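Student: Below you'll find the structure I mean.
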Amino acid sequence: SKQQAPKDQAIDSTLDILREGYLFVQNRCRELQSNIFQTRLLGKEAICISGKEAVKIFYDNEKIERHGSVPKRIQKTLFGENAIQTLDGTKHSHRKDLFLSLMTSKRLDKLKKLTRQEWNESLNKWVNQEKVILFDAVQDLLCRISCKWAGIPLEEAEVKERARDFGNMVDAFGAVGPRHWRGRKARQRSEEWITTLVDQIRRGDLSPSEETPAHVMAFYRDPNGQLLDSQMAAIELINILRPIVAVANYITFEALALHTYPEYLPKLRDDKDLAHSQWFVQEVRRFYPFTPFLGAHVKQDFEWENQRFKQGTMVILDAYGTNHDPVIWESPEQFNPERFKHWESDPYSYIPQGGGDPSLGHRCPGEAATIDIMKVSLDVLVNGMKYDVPEDQDLTVDLVKMPTVPKSGFIIRDIWKKA
Ligand code: HEM
């Protein structure tokens with residue numbers, strides 16, 4: 001007889017997710033000794049899966065679809081309603097091509113250049129400050145970069161508020177209560193701002209250059225030849241601005257990694273072909289928590305690992321757990337950039353920003369941009385500045401909170417700019 005995948009004994013595990021955060025799937029996979037288990041989430045049947053083979057299933061468009069999979073509370077904070085994350089088929093691929101078309105090497109070079117400039121200007125200010133909370137300060141810096149790169153005017157006086165709004169949309173992901181409501185407010189404010197801008201661009205009152213995301217998104221036509229309504233265009237434009245600001249989470253983890261594993265500093269200081277930086281950035285994205293898991297549901301019945309996946313069933317892919325899967329990664333709980341030295345890149349076993357082929361599925365189109373921003377930032381942290389990391393701060397990374405950064409936000413002081 002068929003063996004079914006083990007069942008999580010809880011009646012509904014929604015609260016356990018909030019109690020266990022990043023480790024929710026991994027804890028149960030270990031306990032049940034299985035890379036698949038059944039549970040109930042938000043009152044519905046769900047199947048949680050983890051590991052390389054699970055990623056292949058999750059990104060198989062015949063088996064899995066996204067429409068109706070993103071809870072409204074997440075659309076109202078993190079993603080925006082009815083945005084690319086919720087689309088399937090032609091509608092999705094058409095819009096996805098647009099996002100991917102923004103990531104040419106020329107545009108990425110521009111992004112790197114802006115990143116370098118903004119770090120330079122930020123450092124000029126930080127050297128006069130008693131202390132800097134790196135996470136917040138880097139959000140501000142990235143907010144300036146993202147708006148400049150996207151072709152969106154931003155007054156220096158509004159940087160902090162806009163940056164906090166982008167940050168708070170991301171911070172709302174695993175939140176109930178005040179953090180959730182803060183995320184909603186942030187989204188409302190941001191959508192109003194950017195919708196007005198899209199209208200101005202369409203009227204010709206504002207003319208960002210043609211290759212900028214602001215221009216491209218304002219004049220994008222869907223497969224039926226229609227412009228997006230201006231709020232929808234704003235939502236998709238925010239789907240570029242917000243995640244650029246979210247690279248602050250990874251940059252803060254880069255700083256934490258440098259602080260925790262100073263043995264890599266000499267290698268990064270003398271890194272002629274940038275190989276060590278590449279491995280370091282990859283390991284930061286593997287090792288530290290950002291994306292916990294991804295949700296979708298079954299498009300049509302299928303079987304996998306003796307488990308029947310019934311149409312409509314929710315499927316949760318364990319992203320964090322896959323990046324820490326001992327079947328894929330030797331000593332996954334060790335921070336070891338050099339593991340990437342001989343790593344044979346494949347689209348299913350390393351999924352900090354999703355898996356599969358980005359042009360065929362929902363994998364992040366911003367991975368190259370993320371890596372570029374992280375590399376420039378790492379170089380500044382290592383070679384462009386000096387700073388102290390005061391001991392009286394809490395650098396704990398709480399794996400229950402989603403998303404998470406070191407509790408203190410990583411405070412630095414006595415900042416020097418190297419010539
Ligand atoms: C999708 C992570 C940076 C734009 C995603 C997904 C993840 C992710 C996990 C969903 C994958 C899936 O559903 O299968 C991250 C992380 C980032 C980051 C951790 C680092 C901060 C960026 C950047 C951009 C971007 C810099 C754009 C400039 C998008 C868009 C989608 C997406 C538009 C939706 C794609 C789709 O639904 O087809 N990202 N991302 N992300 N990301 Fe990123």
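Identifiers in this document derive from the order of the structure tokens: chains are assigned A, B, ..., residues are numbered from 1 separately in each chain, and ligands are numbered from 1 in order of occurrence.
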So that each row is one residue of chain A with an atom at most 6 Å from ligand 1, can you give its shortest atom pair and the distance in Å to one decimal, using only C-alpha atoms and all ligand atoms, rows by chain and rising number, as a Markdown table?
Tutor:
```
| residue | atom | partner | partner_atom_place_in_ligand_line | distance |
| --- | --- | --- | --- | --- |
| A:Ile84 | CA | ligand 1 | 37 (O) | 4.7 |
| A:Gln85 | CA | ligand 1 | 37 (O) | 3.5 |
| A:Lys96 | CA | ligand 1 | 38 (O) | 5.6 |
| A:Asn239 | CA | ligand 1 | 33 (C) | 5.1 |
| A:Ile240 | CA | ligand 1 | 27 (C) | 4.2 |
| A:Pro243 | CA | ligand 1 | 22 (C) | 4.4 |
| A:Ile244 | CA | ligand 1 | 26 (C) | 4.2 |
| A:Ala246 | CA | ligand 1 | 21 (C) | 4.4 |
| A:Val247 | CA | ligand 1 | 21 (C) | 3.7 |
| A:Phe290 | CA | ligand 1 | 19 (C) | 5.7 |
| A:Thr291 | CA | ligand 1 | 9 (C) | 5.4 |
| A:Pro352 | CA | ligand 1 | 19 (C) | 5.9 |
| A:Gln353 | CA | ligand 1 | 2 (C) | 3.8 |
| A:Gly354 | CA | ligand 1 | 11 (C) | 4.1 |
| A:Gly361 | CA | ligand 1 | 38 (O) | 5.9 |
| A:His362 | CA | ligand 1 | 38 (O) | 3.3 |
| A:Arg363 | CA | ligand 1 | 11 (C) | 4.1 |
| A:Cys364 | CA | ligand 1 | 1 (C) | 3.7 |
| A:Pro365 | CA | ligand 1 | 29 (C) | 5.3 |
| A:Gly366 | CA | ligand 1 | 24 (C) | 3.7 |
| A:Glu367 | CA | ligand 1 | 3 (C) | 6.0 |
| A:Ala369 | CA | ligand 1 | 26 (C) | 5.3 |
| A:Thr370 | CA | ligand 1 | 26 (C) | 4.9 |
```
Student: Would you export the selected residues with N, CA and C atoms as a short mmCIF file (atom, residue, chain, number, x, y, z; two decimals), in the first residue's frame, please?
Tutor:
```cif
data_model
loop_
_atom_site.label_atom_id
_atom_site.label_comp_id
_atom_site.auth_asym_id
_atom_site.auth_seq_id
_atom_site.Cartn_x
_atom_site.Cartn_y
_atom_site.Cartn_z
N ILE A 84 3.19 40.94 -10.05
CA ILE A 84 3.83 39.85 -10.79
C ILE A 84 3.91 38.55 -10.00
N GLN A 85 4.09 38.68 -8.69
CA GLN A 85 4.24 37.48 -7.84
C GLN A 85 3.01 36.57 -7.91
N LYS A 96 7.37 39.39 -16.82
CA LYS A 96 8.69 39.03 -16.31
C LYS A 96 9.78 39.47 -17.27
N ASN A 239 8.11 47.18 -6.92
CA ASN A 239 8.72 45.85 -6.89
C ASN A 239 10.17 45.86 -7.36
N ILE A 240 10.64 47.04 -7.80
CA ILE A 240 12.06 47.22 -8.10
C ILE A 240 12.74 48.05 -7.00
N PRO A 243 12.94 46.04 -3.22
CA PRO A 243 13.97 45.00 -3.02
C PRO A 243 15.40 45.54 -3.12
N ILE A 244 15.60 46.64 -3.84
CA ILE A 244 16.96 47.21 -3.83
C ILE A 244 17.27 47.70 -2.42
N ALA A 246 16.06 46.49 0.19
CA ALA A 246 16.17 45.29 1.03
C ALA A 246 17.55 44.63 0.96
N VAL A 247 18.36 45.03 0.01
CA VAL A 247 19.73 44.50 -0.01
C VAL A 247 20.46 44.94 1.26
N PHE A 290 17.17 35.14 5.03
CA PHE A 290 16.35 36.23 4.50
C PHE A 290 15.01 35.66 4.02
N THR A 291 14.97 35.03 2.84
CA THR A 291 13.73 34.39 2.41
C THR A 291 13.53 33.11 3.23
N PRO A 352 18.56 31.29 -2.41
CA PRO A 352 18.27 32.46 -1.55
C PRO A 352 17.26 33.41 -2.19
N GLN A 353 17.20 33.44 -3.51
CA GLN A 353 16.25 34.32 -4.20
C GLN A 353 15.36 33.51 -5.14
N GLY A 354 15.04 32.31 -4.72
CA GLY A 354 14.19 31.43 -5.50
C GLY A 354 15.03 30.54 -6.41
N GLY A 361 10.00 31.09 -14.68
CA GLY A 361 9.23 31.02 -13.44
C GLY A 361 9.38 32.27 -12.61
N HIS A 362 9.17 32.14 -11.32
CA HIS A 362 9.14 33.33 -10.46
C HIS A 362 10.47 33.66 -9.81
N ARG A 363 11.51 32.91 -10.12
CA ARG A 363 12.80 33.24 -9.52
C ARG A 363 13.12 34.72 -9.70
N CYS A 364 13.75 35.27 -8.67
CA CYS A 364 14.04 36.71 -8.63
C CYS A 364 14.81 37.19 -9.86
N PRO A 365 14.33 38.25 -10.50
CA PRO A 365 15.08 38.83 -11.62
C PRO A 365 16.21 39.74 -11.15
N GLY A 366 16.28 39.95 -9.84
CA GLY A 366 17.22 40.94 -9.31
C GLY A 366 18.46 40.34 -8.69
N GLU A 367 18.75 39.08 -9.02
CA GLU A 367 19.87 38.42 -8.37
C GLU A 367 21.21 39.03 -8.75
N ALA A 369 21.72 42.04 -9.80
CA ALA A 369 21.77 43.37 -9.18
C ALA A 369 22.14 43.27 -7.70
N THR A 370 21.54 42.30 -7.03
CA THR A 370 21.83 42.10 -5.61
C THR A 370 23.31 41.80 -5.40
#
```
Student: Taking 2 positions as the minimum chain separation for residues in the same chain, which residues sit within 8 Å of A:Ala255 when counting only C-alpha atoms? Answer as a PyMOL selection string.
Tutor: chain A and resi 251-253+257-259+378+381+410
Student: Please dump the current selection as a compact mmCIF listing (two decimals), in the first residue's frame; keep C-alpha atoms.
Tutor:
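Listing of out17.txt after writing:
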```txt
# COMPACT_ATOMS: atom_id res chain seq x y z
CA ILE A 251 24.89 44.16 3.55
CA THR A 252 24.31 44.13 7.30
CA PHE A 253 24.99 40.40 7.23
CA ALA A 257 30.22 38.03 8.77
CA LEU A 258 33.36 40.20 8.56
CA HIS A 259 33.08 40.83 12.29
CA LEU A 378 31.78 44.54 0.63
CA LEU A 381 33.49 47.73 4.10
CA PHE A 410 24.90 46.55 13.68
```
Student: Could you tell me which of A:Ala175, A:Leu241, A:Ile351, A:Val216 comes closest to A:Lys148 if we count only C-alpha atoms?
Tutor: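 Answer, going by the shortest atom-to-atom distance: A:Leu241.
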Student: Can you pull out every residue within 12 Å of A:Asn27, counting only C-alpha atoms, but drop anything in the same chain fewer than 5 positions away, and send it as JSON, numbers by chain?
Tutor: {"A": [8, 16, 17, 19, 20, 21, 22, 32, 33, 34, 35, 36, 37, 48, 50, 318, 320, 321, 325]}
Student: Please save C-alpha atoms of the selected residues as a tab-separated table (two decimals), in the first residue's frame.
Tutor:
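Now in selection18.tsv:
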```
chain	number	residue	atom	x	y	z
A	8	ASP	CA	2.54	17.23	11.45
A	16	ASP	CA	3.94	27.47	15.02
A	17	ILE	CA	5.32	29.31	12.02
A	19	ARG	CA	6.76	30.74	17.01
A	20	GLU	CA	9.52	28.97	15.06
A	21	GLY	CA	10.13	31.31	12.13
A	22	TYR	CA	12.92	30.26	9.79
A	32	LEU	CA	9.77	13.30	10.97
A	33	GLN	CA	12.94	12.33	9.06
A	34	SER	CA	11.37	13.37	5.82
A	35	ASN	CA	11.84	16.11	3.23
A	36	ILE	CA	8.08	16.32	2.88
A	37	PHE	CA	5.23	16.48	5.39
A	48	CYS	CA	5.76	21.43	3.07
A	50	SER	CA	12.48	20.89	1.21
A	318	ASP	CA	11.54	25.64	2.45
A	320	TYR	CA	16.10	28.63	4.18
A	321	GLY	CA	16.14	24.90	4.90
A	325	ASP	CA	20.31	21.08	3.71
```
Student: One number please: atom CA of A:Ala234 to atom CA of A:Leu114, in Å, one decimal.
Tutor: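 Atom-to-atom, atom CA of A:Ala234 to atom CA of A:Leu114, that is 22.6 Å.
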Student: What's around A:Ile235 at 7 Å? Count only C-alpha atoms, leave out sequence neighbours fewer than 5 positions away in its own chain, and write the answer as an MDAnalysis selection string.
Tutor: chainID A and resid 80 83 191
Student: May I have the selected residues written with C-alpha atoms, as an mmCIF file, in the first residue's frame?
Tutor:
```cif
data_model
loop_
_atom_site.group_PDB
_atom_site.id
_atom_site.type_symbol
_atom_site.label_atom_id
_atom_site.label_comp_id
_atom_site.auth_asym_id
_atom_site.auth_seq_id
_atom_site.Cartn_x
_atom_site.Cartn_y
_atom_site.Cartn_z
ATOM 1 C CA GLY A 80 1.227 44.916 -3.625
ATOM 2 C CA ALA A 83 1.422 42.070 -8.861
ATOM 3 C CA GLU A 191 1.833 53.607 -3.740
#
```
Student: Looking only at strand (DSSP E or B) from DSSP on the backbone, list the matching residues of stretch 20-158 of chain A as a list in words.
Tutor: Ile36, Phe37, Gln38, Thr39, Arg40, Leu41, Lys44, Glu45, Ala46, Ile47, Cys48, Ile49, Ile64, Glu65, Lys131, Val132 and Ile133 of chain A
Student: Can you spit out the residues from that selection as a short mmCIF file (atom, residue, chain, number, x, y, z; two decimals), in the first residue's frame, using C-alpha atoms?
Tutor:
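Okay, this is what ended up in result.cif:
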```cif
data_model
loop_
_atom_site.label_atom_id
_atom_site.label_comp_id
_atom_site.auth_asym_id
_atom_site.auth_seq_id
_atom_site.Cartn_x
_atom_site.Cartn_y
_atom_site.Cartn_z
CA ILE A 36 8.08 16.32 2.88
CA PHE A 37 5.23 16.48 5.39
CA GLN A 38 1.56 17.35 5.53
CA THR A 39 0.17 20.03 7.76
CA ARG A 40 -2.57 22.65 7.96
CA LEU A 41 -1.89 26.33 7.48
CA LYS A 44 -6.18 24.68 4.86
CA GLU A 45 -4.32 21.52 3.94
CA ALA A 46 -0.73 22.19 3.06
CA ILE A 47 2.33 20.19 2.08
CA CYS A 48 5.76 21.43 3.07
CA ILE A 49 8.73 20.33 1.00
CA ILE A 64 2.43 24.27 -9.51
CA GLU A 65 0.85 27.68 -9.93
CA LYS A 131 27.84 56.22 15.70
CA VAL A 132 25.97 54.76 12.78
CA ILE A 133 23.36 52.02 12.87
#
```
Student: Grab the atom CA of A:Lys407 to atom CA of A:Phe340 distance for me, in Å with one decimal place.
Tutor: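 Going from atom CA of A:Lys407 over to atom CA of A:Phe340 covers 28.4 Å.
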Student: Of the residues A:Val298, A:Met232, A:Val389, A:Leu197, which is the one nearest to A:Asn82, using only C-alpha atoms?
Tutor: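 The closest residue to A:Asn82 is A:Met232.
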Student: Rounded to one decimal, what separation in Å do you get between atom CA of A:Glu31 and atom CA of A:Ala10?
Tutor: 13.5 Å
Student: Apply DSSP to the backbone of this structure and, from stretch 117-326 of chain A, keep only the residues in helix (DSSP H, G or I); write these as an MDAnalysis selection string.
Tutor: chainID A and resid 117:126 134:150 156:171 178:203 213:218 230:260 262:269 275:287 319:323
Student: Please provide the set of residues having any atom within 12 Å of A:Thr115, restricted to only C-alpha atoms, with same-chain residues fewer than 2 positions apart removed, written as an MDAnalysis selection string.
Tutor: chainID A and resid 108:113 117:122 138 140:149 244:245 247 369:380
Student: Of the candidates A:Gln226, A:Gln139, A:Gln188, A:Gln26, which one gets nearest to A:Pro326 if we count only C-alpha atoms?
Tutor: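 Checking each candidate against A:Pro326, we get A:Gln26 as the closest.
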Student: Using only C-alpha atoms, determine which residues lie at most 9 Å from A:Leu268, disregarding the query and same-chain residues fewer than 3 positions distant; provide the list as a tab-separated table (two decimals) with C-alpha atoms, in the first residue's frame.
Tutor:
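The resulting selection.tsv:
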```tsv
chain	number	residue	atom	x	y	z
A	264	TYR	CA	38.52	36.21	5.69
A	265	LEU	CA	39.61	39.85	5.86
A	271	ASP	CA	41.45	39.87	-3.88
A	272	LYS	CA	42.75	40.71	-7.32
A	274	LEU	CA	37.43	39.20	-6.99
A	275	ALA	CA	37.04	35.45	-6.54
A	276	HIS	CA	36.97	35.67	-2.75
A	277	SER	CA	34.37	38.43	-2.84
A	280	PHE	CA	31.89	35.53	0.27
A	378	LEU	CA	31.78	44.54	0.63
A	379	ASP	CA	34.70	46.24	-1.03
A	382	VAL	CA	36.81	45.95	3.68
A	383	ASN	CA	38.97	48.34	1.68
```
Student: Taking only C-alpha atoms into account, which of A:Lys299, A:Arg242, A:Arg202, A:Arg339 comes nearest A:Glu283?
Tutor: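 Among the listed residues, the smallest separation from A:Glu283 belongs to A:Arg339.
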Student: Do a neighbour search on stretch 307-309 of chain A at 8 Å with only C-alpha atoms, toss out local chain neighbours closer than 6 positions, and write the hits as a ChimeraX atom specification.
Tutor: /A:3-5,298,301
Student: Smallest atom-to-atom distance to A:Cys29: which of A:Gly51, A:Ala172, A:Pro390, A:Leu134, using only C-alpha atoms?
Tutor: A:Gly51
Student: Pick out the closest residue to A:Asn249 from this set: A:Phe135, A:Tyr59, A:Trp279, A:Tyr387. Count only C-alpha atoms.
Tutor: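 With only C-alpha atoms as the atom set, the closest residue is A:Phe135.
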